[in-house]
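Undergrad: Sharing a structure with you now.
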Amino acid sequence: AVVRNDLKEAIEADLLTQTLPTMRTVDVLVSLTGGWALVVSASESTQDHVRKKFFQAFQVRLEETEPLCFLGEEARTVHDLAFPSFEEGASIEIPRGGSLPEKERRIVPPEALAAFFAWTWWKAEVDPHLLDGEDGLEDTTLWVDDRLAFRVAGEARASVTVACGDAATAEESRTALRTGRLPAALHLAVRVGERETTLRVAGGDLRIASAKLPSVLKGGDLHEVLLERAFLYEEAFRVVRALFMVFGRSVATRWEKDIRKMRNWIAEDGVEEEE
């Protein structure tokens, strides 16, 4: 039996040397003027691999985005935000705010992240043009794409997924919120002018885990195509950043009012007009 196993392992090792490696491409956008790099992947191993290769090539270490740095005085309020209860009459917890300690990482904690996803879902329904005038964006339309994933509080992985053409308005999606499920990721579609992009945002660093970009440039050489993709990815990043900044202002100035409106929106199973 030992000889047979050794022979089997030897054959496997020999066959592996003759197997072509599986190639996979990952889009990485580097802004030299902005001092940041956008890695389009939700995989931690892929992110780590890109960091290692980037350091080998440029001797520069890439660090995770810290979205709370996008915010001013609202950063602590968002950091301490609890996921709200959408049951009618439940209390609404509003953090006191204040400054973040210098050494504290400025990524979005899980409950605050889920609150951001739920708020974005609601806002996209009641005010799809909310990003007009934000971060240089104009003529925008926002909506939740055809998939919503939910998780149980305290767990990292999604346990319920609603996937259909109208996932944002499906009764199953609203029921998940009413029963305390937390949105696990944000599947978003945005139209800027004539350009339509769909993307998935996940993690406390608000990384763009995947994206489907519009094809605006017809033909052209490789340099032009790369410039177009760089522009579209940068635009997608600005959409996510602008959304989070508007969310930060909401938490700091009108969170209780917004939660009450969200509760009505969920209970009535329809779109409530935004003031």
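All residue names refer to the structure tokens as shown: chains lettered A, B, ... in order, residues numbered from 1 in each chain, ligands numbered from 1 in order.
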Got a sec to tell me which of stretch 75-149 of chain A DSSP assigns to strand (DSSP E), as a list in words?

TA: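 Selecting the strand (DSSP E) positions of stretch 75-149 of chain A gives Thr140, Thr141, Leu142, Trp143, Val144, Arg147, Leu148 and Ala149 of chain A.
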
Undergrad: Near A:Trp119, counting only C-alpha atoms, which residues have an atom at most 12 Å away, once you skip same-chain residues fewer than 5 positions from it, shown as a PyMOL selection string?

TA: chain A and resi 83-84+86+112-114+124-127+144+177+182-183+186+243-244+246-248+250-251+255+258-263+265-266

Undergrad: For A:Thr46, which of A:Ala209, A:Ile94, A:Val152, A:Ala75 is the closest residue, counting only C-alpha atoms?

TA: A:Ala209

Undergrad: Which residue gives the smallest distance to A:Ala156 among A:Pro110, A:Leu29, A:Arg24, A:Ser215, with only C-alpha atoms counted?

TA: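 Checking each of A:Pro110, A:Leu29, A:Arg24, A:Ser215 against A:Ala156, counting only C-alpha atoms, the winner is A:Pro110.
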
Undergrad: In terms of the shortest atom-to-atom distance over only C-alpha atoms, which of A:Met23, A:Ala10, A:Val30, A:Leu131 is closest to A:Leu227?

TA: A:Val30

Undergrad: Restricting the calculation to only C-alpha atoms: of A:Val40, A:Ala202, A:Val60, A:Val26, which residue gets closest to A:Ala158?

TA: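 Of A:Val40, A:Ala202, A:Val60, A:Val26, the one nearest A:Ala158 is A:Ala202, counting only C-alpha atoms.
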
Undergrad: If you measure from atom CA of A:Val50 to atom CA of A:Arg207, what distance in Å do you get, rounded to one decimal?

TA: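 So the answer is 14.1 Å.
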
Undergrad: To one decimal in Å, tell me the separation between atom CA of A:Cys164 and atom CA of A:Leu188.

TA: 13.9 Å

Undergrad: So, counting only C-alpha atoms, which residue among A:Arg174, A:Ala163, A:Asp139, A:Ser31 is closest to A:His187?

TA: A:Ala163

Undergrad: Residues within 10 Å of A:Ala230, please, as a list in words. Count only C-alpha atoms; anything in the same chain fewer than 2 positions from it doesn't count.

TA: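 Contacts, in chain order: Asp27, Val28, Leu29, Val30, Ser31, Leu38, Glu224, Val225, Leu226, Leu227, Glu228, Leu232, Tyr233, Glu234, Glu235 and Ala236 of chain A.
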
Undergrad: I need the chosen residues saved as an mmCIF file, in the first residue's frame, with N, CA, C and O atoms.

TA:
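Now in result.cif:
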data_model
loop_
_atom_site.group_PDB
_atom_site.id
_atom_site.type_symbol
_atom_site.label_atom_id
_atom_site.label_comp_id
_atom_site.auth_asym_id
_atom_site.auth_seq_id
_atom_site.Cartn_x
_atom_site.Cartn_y
_atom_site.Cartn_z
ATOM 1 N N ASP A 27 -8.331 43.633 -12.453
ATOM 2 C CA ASP A 27 -8.135 45.039 -12.799
ATOM 3 C C ASP A 27 -7.590 45.799 -11.591
ATOM 4 O O ASP A 27 -8.135 45.699 -10.484
ATOM 5 N N VAL A 28 -6.505 46.533 -11.812
ATOM 6 C CA VAL A 28 -5.903 47.374 -10.774
ATOM 7 C C VAL A 28 -5.713 48.766 -11.367
ATOM 8 O O VAL A 28 -5.010 48.933 -12.366
ATOM 9 N N LEU A 29 -6.368 49.754 -10.764
ATOM 10 C CA LEU A 29 -6.247 51.137 -11.214
ATOM 11 C C LEU A 29 -5.394 51.904 -10.216
ATOM 12 O O LEU A 29 -5.688 51.913 -9.022
ATOM 13 N N VAL A 30 -4.324 52.514 -10.697
ATOM 14 C CA VAL A 30 -3.404 53.258 -9.835
ATOM 15 C C VAL A 30 -3.479 54.736 -10.178
ATOM 16 O O VAL A 30 -3.334 55.118 -11.346
ATOM 17 N N SER A 31 -3.747 55.576 -9.173
ATOM 18 C CA SER A 31 -3.762 57.023 -9.352
ATOM 19 C C SER A 31 -2.478 57.598 -8.745
ATOM 20 O O SER A 31 -2.324 57.624 -7.525
ATOM 21 N N LEU A 38 -6.873 51.056 -6.857
ATOM 22 C CA LEU A 38 -8.148 50.365 -6.758
ATOM 23 C C LEU A 38 -7.954 48.945 -7.294
ATOM 24 O O LEU A 38 -7.636 48.748 -8.459
ATOM 25 N N GLU A 224 -5.918 53.702 -25.549
ATOM 26 C CA GLU A 224 -7.197 54.390 -25.391
ATOM 27 C C GLU A 224 -8.182 53.557 -24.572
ATOM 28 O O GLU A 224 -8.924 54.087 -23.745
ATOM 29 N N VAL A 225 -8.185 52.237 -24.809
ATOM 30 C CA VAL A 225 -9.086 51.342 -24.064
ATOM 31 C C VAL A 225 -8.736 51.349 -22.583
ATOM 32 O O VAL A 225 -9.617 51.412 -21.718
ATOM 33 N N LEU A 226 -7.444 51.304 -22.263
ATOM 34 C CA LEU A 226 -7.007 51.321 -20.864
ATOM 35 C C LEU A 226 -7.374 52.639 -20.187
ATOM 36 O O LEU A 226 -7.799 52.660 -19.031
ATOM 37 N N LEU A 227 -7.212 53.746 -20.904
ATOM 38 C CA LEU A 227 -7.581 55.044 -20.345
ATOM 39 C C LEU A 227 -9.087 55.105 -20.064
ATOM 40 O O LEU A 227 -9.519 55.656 -19.051
ATOM 41 N N GLU A 228 -9.881 54.529 -20.995
ATOM 42 C CA GLU A 228 -11.324 54.513 -20.787
ATOM 43 C C GLU A 228 -11.683 53.707 -19.540
ATOM 44 O O GLU A 228 -12.474 54.154 -18.700
ATOM 45 N N LEU A 232 -13.564 54.986 -16.077
ATOM 46 C CA LEU A 232 -14.814 54.397 -15.600
ATOM 47 C C LEU A 232 -14.663 53.837 -14.180
ATOM 48 O O LEU A 232 -15.584 53.949 -13.360
ATOM 49 N N TYR A 233 -13.518 53.238 -13.885
ATOM 50 C CA TYR A 233 -13.289 52.738 -12.532
ATOM 51 C C TYR A 233 -13.179 53.892 -11.537
ATOM 52 O O TYR A 233 -13.687 53.823 -10.419
ATOM 53 N N GLU A 234 -12.505 54.955 -11.956
ATOM 54 C CA GLU A 234 -12.385 56.118 -11.070
ATOM 55 C C GLU A 234 -13.754 56.724 -10.810
ATOM 56 O O GLU A 234 -14.059 57.155 -9.691
ATOM 57 N N GLU A 235 -14.610 56.724 -11.811
ATOM 58 C CA GLU A 235 -15.965 57.233 -11.651
ATOM 59 C C GLU A 235 -16.757 56.348 -10.690
ATOM 60 O O GLU A 235 -17.501 56.856 -9.834
ATOM 61 N N ALA A 236 -16.601 55.033 -10.801
ATOM 62 C CA ALA A 236 -17.285 54.118 -9.886
ATOM 63 C C ALA A 236 -16.817 54.337 -8.451
ATOM 64 O O ALA A 236 -17.621 54.313 -7.507
#

Undergrad: Point out the residue among A:Glu268, A:Phe54, A:Gly133, A:Leu142 with the least atom-to-atom distance to A:Thr175, counting only C-alpha atoms.

TA: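 Selected residue with least distance to A:Thr175: A:Glu268.
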
Undergrad: Have a look at atom CA of A:Arg147 and atom CA of A:Gly203 and let me know their distance in Å, one decimal.

TA: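 That distance, rounded to one decimal, is 16.9 Å.
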
Undergrad: DSSP on the backbone: which residues in stretch 155-240 of chain A end up as alpha helix (DSSP H)? Give the answer as a PyMOL selection string.

TA: chain A and resi 171-178+222-240

Undergrad: If you keep C-alpha atoms, can you produce a file of those selected residues as a PDB file, in the first residue's frame?

TA:
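Produced file result_9.pdb, reproduced below:
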ATOM      1  CA  GLU A 171     -41.400  41.115  -0.181  1.00  0.00           C
ATOM      2  CA  GLU A 172     -38.662  38.627   0.788  1.00  0.00           C
ATOM      3  CA  SER A 173     -36.117  41.467   0.911  1.00  0.00           C
ATOM      4  CA  ARG A 174     -38.237  43.676   3.161  1.00  0.00           C
ATOM      5  CA  THR A 175     -39.121  40.706   5.361  1.00  0.00           C
ATOM      6  CA  ALA A 176     -35.408  40.050   5.859  1.00  0.00           C
ATOM      7  CA  LEU A 177     -34.967  43.597   7.183  1.00  0.00           C
ATOM      8  CA  ARG A 178     -38.059  43.391   9.370  1.00  0.00           C
ATOM      9  CA  LEU A 222      -4.956  49.492 -26.351  1.00  0.00           C
ATOM     10  CA  HIS A 223      -3.818  52.741 -24.747  1.00  0.00           C
ATOM     11  CA  GLU A 224      -7.197  54.390 -25.391  1.00  0.00           C
ATOM     12  CA  VAL A 225      -9.086  51.342 -24.064  1.00  0.00           C
ATOM     13  CA  LEU A 226      -7.007  51.321 -20.864  1.00  0.00           C
ATOM     14  CA  LEU A 227      -7.581  55.044 -20.345  1.00  0.00           C
ATOM     15  CA  GLU A 228     -11.324  54.513 -20.787  1.00  0.00           C
ATOM     16  CA  ARG A 229     -11.379  51.692 -18.207  1.00  0.00           C
ATOM     17  CA  ALA A 230      -9.326  53.800 -15.802  1.00  0.00           C
ATOM     18  CA  PHE A 231     -11.798  56.680 -16.146  1.00  0.00           C
ATOM     19  CA  LEU A 232     -14.814  54.397 -15.600  1.00  0.00           C
ATOM     20  CA  TYR A 233     -13.289  52.738 -12.532  1.00  0.00           C
ATOM     21  CA  GLU A 234     -12.385  56.118 -11.070  1.00  0.00           C
ATOM     22  CA  GLU A 235     -15.965  57.233 -11.651  1.00  0.00           C
ATOM     23  CA  ALA A 236     -17.285  54.118  -9.886  1.00  0.00           C
ATOM     24  CA  PHE A 237     -14.977  54.828  -6.948  1.00  0.00           C
ATOM     25  CA  ARG A 238     -16.303  58.411  -6.764  1.00  0.00           C
ATOM     26  CA  VAL A 239     -19.876  57.074  -6.713  1.00  0.00           C
ATOM     27  CA  VAL A 240     -19.131  54.859  -3.695  1.00  0.00           C
TER      28      VAL A 240
END

Undergrad: For A:Asp145, list every protein, DNA or RNA residue within 12 Å, evaluated using only C-alpha atoms, and leave out those in the same chain fewer than 3 positions away; present the list as a PyMOL selection string.

TA: chain A and resi 120-121+124-125+142+148-149+162-169+185-191+196-201+211-212

Undergrad: Show which residues sit within 8 Å of A:Gly97, as a list in words. Count only C-alpha atoms, and ignore same-chain residues fewer than 3 positions away.

TA: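 Close residues of A:Gly97: Glu73, Glu74, Ala75, Arg76, Thr77, Val78, Asp80 and Ala252 of chain A.
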